[in-house]
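To start, the structure under review is shown below, and the notes come after it.
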Amino acid sequence: MAETENTTTTEKLSPVEGIKTASRYLRGTIGEELKTESDHFGKDDLQLLKFHGTYQQDDREARGGTTESGKSEKAYSFMVRSRIPAGIMTSAQLIAHLDLCDQIGNTTLKVTTRQGLQLHGILKSNLRECIRRINDVQLSTLSACGDVNRNVMACPAPYQDKIRPEIQKLAYDLAMHLAPRTKAYYELWLQDPETGTETLEGGSNEEYEPIYGKVYLPRKFKTAIALPEDNCTDVYTNCLGYITVVRDGELVGYNVIVGGGLGVTPSAKKTFPRLASRMAFVTKEQAVAVGEAVVKVQRDFGYRDDRKRARLKYLVHDKGVEWYRAKVEEYYGSKLADCTPDDVHEHNDHIGWDEQGDGRWFYGFNVENGRLYDNENRAWKSALRDICSEINPEIRLTAHQSILFCNIEDKDRAKLSNLIKKRGLPLSEEISTVRRWSIACVALPTCGLAITESERILPSVIDEMEKVLTELGLDQEKFTVRMTGCPNGCARPYNADIAYVGKAKGKYTVFVGGTRIGNRLAFIFKDMVPLENIVTCLRPLFEAFKKDQQNDESFGDFCNRLGLDQLLALTNTAATGE
Ligand code: SRM
Ligand code: SF4
């Protein structure tokens, strides 16, 4: 299929399309801007910087002053995101990130919901150094953001079985295969700005992006791999997903799913969260090439006129999965088999101690909302530095914003626990079930799209939930609680058992009815609930759940069984005492 084929060329394109096309493969004027004294970039380059793994932000709590010219003053800095396929990294790579956050960042580091790492507060004058130092330790920020395939997720558990190593390798292979090929990244961030030259000159060195072409994708693109018994990557929320198919203990292939995505603009009916549709079975050998075909169909048919509708999920929704499959077969060059019945049915968060199967252990360390910092009570960064320098474990990041310390010898187990305790941190086994299964997005003060608090407020919301659940004898119940500071859905709220989604200043939409397994969308229970009521509004539901729970149904299943009207009736009964 020709690189430039694009059925959307006659439609009115969104302005970002023009910026990408004119960017000379993601260069724009970033190189020139990096040489200026200005503390921020111009509008067009902001779009291109994302492909390089960085977002221009400003501290929203520092806004408000004015410059001499009367313009509102902003404290600009950059978020830098590392792409880490399957979240697998070394102790040295983690230490390099901790050094960066302490030396040129805002002294905190965030483990993200896609097994990545984020630095915040990097000044423009330090941006090149930051990205170069990440590359110095053999990681990259290229395509961590932008309209390309992002970090590929896979279950990070280090079980030495016949499946995990294979899917983790597939995550790496897909990430490399689908990474942009432009040399712009090398030129801008890695070569010496004084002596280096641009390779794209006079047409003779014209670059070629075999998968993306000049225009890249219409929008961000996300890929994940899961096992039926372990959907820890929330595979159904991705544009492209792979679910393992195992026969006689051997991995034979994957059921490929397409068209998941969560972002929504509540005021725009044309936007909605969507779980992926099951498309076709592929063998192990076909997995990467079919993934490429899925990407290319979105490249050529995805909507480029309206960024709100440009994600793959809208194309699959509008045209149907059979249409999408036929196109993928055309691009791939042959027919594909139908999906097998294999599907996700469990979720393991890998927290606590577990055996790897090679005589060694791994420890899932629950990092509350993925934020690593040091203060007088809790010193996450110091604990990690101690563990990395004294034990040197392999590090794996989970999609639940937590860390697995891997390859731990039996003799080092007590030592590892002591290093955690010494820094005032709870062991994973000391954390309540509700806290363990909760995650929150970044939100304020760095996220430019945040409407409410999320990561900073969820710990106290969980304190309150712990009290209610303990009082009702529900403290052992396993269900997901997810909070975001706006409806974009960065902590994947729309398929959780319970979700709090920031809607207006201090107010949240409360969702219930999703699942821990991530295969059902939640529904709105109450909208515009003030922060102080987001736990109390659920109390009647918890009480009814305690009374009427059937077999081992989860809280999400219970809410889904009752449906909105019955749940609201419970609340009204509680309010009137009838
Ligand atoms: Fe996200 C935008 C943070 C996972 C859906 N997301 C943003 C930005 C870059 C805000 C912006 O555009 O200015 C946030 C940066 C905040 C900051 O200060 O750091 C941001 N997203 C995050 C992270 C760091 C949340 C976290 O606390 O872990 C996650 C980074 C993952 C990574 O390593 O790559 C993150 N974002 C997600 C997910 C979850 C996932 O992918 O599994 C989603 C929902 C799934 C999906 O994509 O549909 C998600 N982020 C969005 C959206 C809505 C996209 C849409 O289709 O409408 C936006 C806004 C946008 O793209 O316009 C967004
Ligand atoms: Fe920002 Fe909204 Fe994403 Fe939270 S959900 S990080 S507030 S864009």
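Order determines the names: the first chain of the structure tokens is A, the second B, and so forth; residues in each chain are numbered 1 upward, and ligands are numbered 1 upward as they are shown.
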
- [ ] For stretch 494-498 of chain A, work out the shell of residues within 8 Å, counting only C-alpha atoms and skipping chain neighbours fewer than 2 positions away, then give it as JSON, numbers by chain.
- [x] {"A": [262, 273, 479, 480, 481, 482, 489, 492, 500, 510, 511, 512, 513, 514, 515, 516, 518, 519, 520, 521, 522, 523, 555, 556, 557]}

Would you save the residues of that selection, restricted to N, CA and C atoms, as a tab-separated table (two decimals), in the first residue's frame?
```tsv
chain	number	residue	atom	x	y	z
A	262	LEU	N	-10.59	6.12	25.86
A	262	LEU	CA	-11.45	6.61	26.93
A	262	LEU	C	-11.79	8.10	26.90
A	273	PRO	N	-16.31	7.28	25.65
A	273	PRO	CA	-15.34	6.21	25.89
A	273	PRO	C	-15.81	4.95	25.17
A	479	PHE	N	-12.00	-3.90	44.70
A	479	PHE	CA	-12.57	-3.17	43.55
A	479	PHE	C	-11.69	-1.97	43.23
A	480	THR	N	-11.76	-1.55	41.97
A	480	THR	CA	-10.90	-0.45	41.53
A	480	THR	C	-11.55	0.90	41.81
A	481	VAL	N	-10.73	1.84	42.28
A	481	VAL	CA	-11.18	3.22	42.48
A	481	VAL	C	-10.22	4.10	41.68
A	482	ARG	N	-10.74	4.88	40.78
A	482	ARG	CA	-9.86	5.68	39.92
A	482	ARG	C	-10.33	7.12	39.87
A	489	GLY	N	-9.60	11.10	31.13
A	489	GLY	CA	-9.54	9.67	31.48
A	489	GLY	C	-8.16	9.07	31.63
A	492	ARG	N	-7.82	5.92	33.52
A	492	ARG	CA	-8.80	4.94	33.01
A	492	ARG	C	-10.02	4.77	33.94
A	500	TYR	N	-14.07	8.72	40.12
A	500	TYR	CA	-14.35	10.13	40.39
A	500	TYR	C	-13.68	10.93	39.29
A	510	VAL	N	-19.47	11.01	39.56
A	510	VAL	CA	-19.19	9.72	40.20
A	510	VAL	C	-19.73	8.61	39.31
A	511	PHE	N	-18.82	7.72	38.88
A	511	PHE	CA	-19.19	6.57	38.04
A	511	PHE	C	-19.16	5.29	38.88
A	512	VAL	N	-20.04	4.37	38.57
A	512	VAL	CA	-19.98	3.03	39.17
A	512	VAL	C	-20.30	2.00	38.08
A	513	GLY	N	-20.02	0.72	38.38
A	513	GLY	CA	-20.51	-0.34	37.49
A	513	GLY	C	-19.50	-0.93	36.53
A	514	GLY	N	-18.26	-0.44	36.54
A	514	GLY	CA	-17.22	-1.07	35.72
A	514	GLY	C	-16.69	-2.31	36.42
A	515	THR	N	-15.58	-2.83	35.96
A	515	THR	CA	-15.04	-4.06	36.56
A	515	THR	C	-13.54	-3.93	36.79
A	516	ARG	N	-13.07	-4.72	37.75
A	516	ARG	CA	-11.63	-4.78	37.99
A	516	ARG	C	-10.92	-5.38	36.76
A	518	GLY	N	-11.77	-4.83	33.74
A	518	GLY	CA	-11.68	-3.79	32.72
A	518	GLY	C	-12.45	-4.08	31.45
A	519	ASN	N	-13.41	-5.00	31.50
A	519	ASN	CA	-14.12	-5.36	30.27
A	519	ASN	C	-15.56	-4.86	30.20
A	520	ARG	N	-15.88	-3.87	31.06
A	520	ARG	CA	-17.23	-3.29	30.99
A	520	ARG	C	-17.14	-1.80	31.34
A	521	LEU	N	-17.90	-1.00	30.62
A	521	LEU	CA	-17.89	0.43	30.93
A	521	LEU	C	-18.76	0.72	32.15
A	522	ALA	N	-18.34	1.69	32.92
A	522	ALA	CA	-19.13	2.14	34.08
A	522	ALA	C	-20.20	3.14	33.59
A	523	PHE	N	-21.12	3.50	34.47
A	523	PHE	CA	-22.12	4.51	34.10
A	523	PHE	C	-22.15	5.61	35.18
A	555	PHE	N	-18.26	-5.18	43.71
A	555	PHE	CA	-19.08	-3.99	43.86
A	555	PHE	C	-19.56	-3.48	42.49
A	556	GLY	N	-18.66	-3.51	41.52
A	556	GLY	CA	-19.03	-3.07	40.17
A	556	GLY	C	-20.13	-3.93	39.58
A	557	ASP	N	-20.01	-5.26	39.77
A	557	ASP	CA	-21.04	-6.18	39.25
A	557	ASP	C	-22.39	-5.91	39.92
```

Task: Contacts to ligand 2 at 7 Å cut-off (only C-alpha atoms and all ligand atoms) as a VMD selection string - done: chain A and resid 441 to 444 447 to 451 454 484 to 491

Open item on the list: Please find the residues contacting ligand 1 at a distance of at most 7 Å between atoms, with only C-alpha atoms and all ligand atoms counted, and report them as a ChimeraX atom specification.
Closed with: /A:55,79,81,83,111-118,120,144-145,150-151,222,237-238,260-264,308,311,401,440-443,446-449,488-492

- [ ] List the neighbours of A:Asp475 out to 12 Å using only C-alpha atoms; skip same-chain residues closer than 2 positions along the sequence, and give me the result as a ChimeraX atom specification.
- [x] /A:431-437,462-463,465-473,477-479,542,546,555

Only N, CA and C atoms, please: the residues just picked out, written as a short mmCIF file (atom, residue, chain, number, x, y, z; two decimals), in the first residue's frame.
```
data_model
loop_
_atom_site.label_atom_id
_atom_site.label_comp_id
_atom_site.auth_asym_id
_atom_site.auth_seq_id
_atom_site.Cartn_x
_atom_site.Cartn_y
_atom_site.Cartn_z
N ILE A 431 -1.01 -2.23 53.27
CA ILE A 431 -1.94 -1.24 52.68
C ILE A 431 -3.33 -1.84 52.56
N SER A 432 -4.34 -1.01 52.78
CA SER A 432 -5.71 -1.52 52.67
C SER A 432 -6.00 -1.91 51.22
N THR A 433 -6.97 -2.80 51.07
CA THR A 433 -7.31 -3.28 49.72
C THR A 433 -7.78 -2.11 48.85
N VAL A 434 -8.56 -1.22 49.42
CA VAL A 434 -9.10 -0.13 48.59
C VAL A 434 -7.98 0.81 48.13
N ARG A 435 -6.98 1.05 48.98
CA ARG A 435 -5.88 1.93 48.57
C ARG A 435 -5.04 1.24 47.49
N ARG A 436 -4.81 -0.05 47.72
CA ARG A 436 -3.99 -0.81 46.77
C ARG A 436 -4.59 -0.80 45.35
N TRP A 437 -5.91 -0.83 45.27
CA TRP A 437 -6.55 -0.89 43.96
C TRP A 437 -6.99 0.49 43.46
N ILE A 462 -9.36 8.27 49.99
CA ILE A 462 -9.21 6.84 50.34
C ILE A 462 -9.24 6.67 51.87
N ASP A 463 -8.67 7.62 52.61
CA ASP A 463 -8.77 7.56 54.08
C ASP A 463 -10.24 7.42 54.49
N MET A 465 -12.78 6.49 52.59
CA MET A 465 -13.38 5.22 52.12
C MET A 465 -12.99 4.07 53.04
N GLU A 466 -11.75 4.10 53.50
CA GLU A 466 -11.28 3.03 54.40
C GLU A 466 -12.18 2.96 55.64
N LYS A 467 -12.49 4.14 56.19
CA LYS A 467 -13.33 4.18 57.41
C LYS A 467 -14.70 3.55 57.13
N VAL A 468 -15.34 4.00 56.06
CA VAL A 468 -16.69 3.50 55.74
C VAL A 468 -16.66 2.00 55.48
N LEU A 469 -15.69 1.56 54.69
CA LEU A 469 -15.64 0.14 54.32
C LEU A 469 -15.34 -0.74 55.53
N THR A 470 -14.48 -0.25 56.42
CA THR A 470 -14.17 -1.03 57.63
C THR A 470 -15.40 -1.12 58.52
N GLU A 471 -16.05 0.01 58.67
CA GLU A 471 -17.27 0.05 59.48
C GLU A 471 -18.32 -0.96 58.98
N LEU A 472 -18.42 -1.08 57.66
CA LEU A 472 -19.44 -1.97 57.08
C LEU A 472 -18.92 -3.40 56.88
N GLY A 473 -17.69 -3.64 57.27
CA GLY A 473 -17.13 -4.99 57.10
C GLY A 473 -16.83 -5.32 55.65
N GLU A 477 -13.01 -6.34 50.38
CA GLU A 477 -13.56 -6.37 49.01
C GLU A 477 -12.57 -5.76 48.03
N LYS A 478 -12.40 -6.42 46.91
CA LYS A 478 -11.46 -5.93 45.90
C LYS A 478 -12.21 -5.19 44.81
N PHE A 479 -12.00 -3.90 44.70
CA PHE A 479 -12.57 -3.17 43.55
C PHE A 479 -11.69 -1.97 43.23
N PHE A 542 -22.87 1.02 49.30
CA PHE A 542 -22.04 0.04 50.03
C PHE A 542 -22.91 -0.75 51.01
N LYS A 546 -23.45 -4.76 50.94
CA LYS A 546 -23.17 -5.62 52.08
C LYS A 546 -24.36 -6.56 52.33
N PHE A 555 -18.26 -5.18 43.71
CA PHE A 555 -19.08 -3.99 43.86
C PHE A 555 -19.56 -3.48 42.49
#
```

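Taking atom CA of A:Pro445 and atom CA of A:Asn377 as the two end points, the separation is 22.0 Å.
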
TODO: Give the strand (DSSP E or B) residues of stretch 182-415 of chain A, as assigned by DSSP on the backbone, as a VMD selection string.
DONE: chain A and resid 221 223 to 227 230 240 to 247 250 to 258 261 274 277 to 283 337 352 to 355 361 to 365 371 to 372 374 379 394 to 397 403 to 408

- [ ] Compile the contact shell of stretch 364-376 of chain A as number ranges by chain: residues with an atom at most 8 Å away, counting only C-alpha atoms, same-chain residues fewer than 4 positions apart removed.
- [x] A: 107-112, 350-353, 380-382, 400-405, 427-428, 435-436, 438-441, 455, 459

Open item on the list: When DSSP is applied to the backbone of this structure, which of stretch 184-237 of chain A are assigned helix (DSSP H, G or I)? Write them out as a VMD selection string.
Closed with: chain A and resid 184 to 190 235 to 237

- [ ] State, in Å with one decimal place, the distance from atom CA of A:Phe545 to atom CA of A:Gly506.
- [x]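 About the pair atom CA of A:Phe545 and atom CA of A:Gly506: they are 27.7 Å apart.
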
Task: Interatomic distance, atom CA of A:Leu142 to atom CA of A:Pro158 (Å, one decimal) - done: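 Atom CA of A:Leu142 sits 25.6 Å away from atom CA of A:Pro158.
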
Report as a tab-separated table (two decimals) with N, CA, C and O atoms, in the first residue's frame all protein, DNA and RNA residues lying within 6 Å of stretch 165-178 of chain A, evaluated on only C-alpha atoms, omitting residues in the same chain fewer than 6 positions from it.
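Output file part_18.tsv is given in full below:
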```tsv
chain	number	residue	atom	x	y	z
A	85	PRO	N	8.93	0.21	27.05
A	85	PRO	CA	8.05	-0.89	26.66
A	85	PRO	C	7.91	-1.92	27.77
A	85	PRO	O	8.92	-2.35	28.36
A	86	ALA	N	6.68	-2.31	28.08
A	86	ALA	CA	6.36	-3.26	29.15
A	86	ALA	C	6.89	-2.80	30.51
A	86	ALA	O	6.91	-3.56	31.47
A	152	VAL	N	4.27	0.89	24.47
A	152	VAL	CA	3.50	-0.34	24.36
A	152	VAL	C	3.48	-1.03	25.72
A	152	VAL	O	4.53	-1.28	26.32
A	154	ALA	N	2.64	-4.17	28.38
A	154	ALA	CA	2.48	-5.62	28.50
A	154	ALA	C	2.60	-5.97	29.97
A	154	ALA	O	3.25	-5.24	30.73
A	288	VAL	N	3.40	-8.57	14.65
A	288	VAL	CA	3.93	-7.23	14.39
A	288	VAL	C	3.41	-6.70	13.05
A	288	VAL	O	2.97	-5.54	12.96
```

Task: Which residue of A:Glu394, A:Asp305, A:Asp386, A:Glu61 approaches A:Asn418 most closely, using only C-alpha atoms - done: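 Using only C-alpha atoms, the shortest distance to A:Asn418 belongs to A:Asp386.
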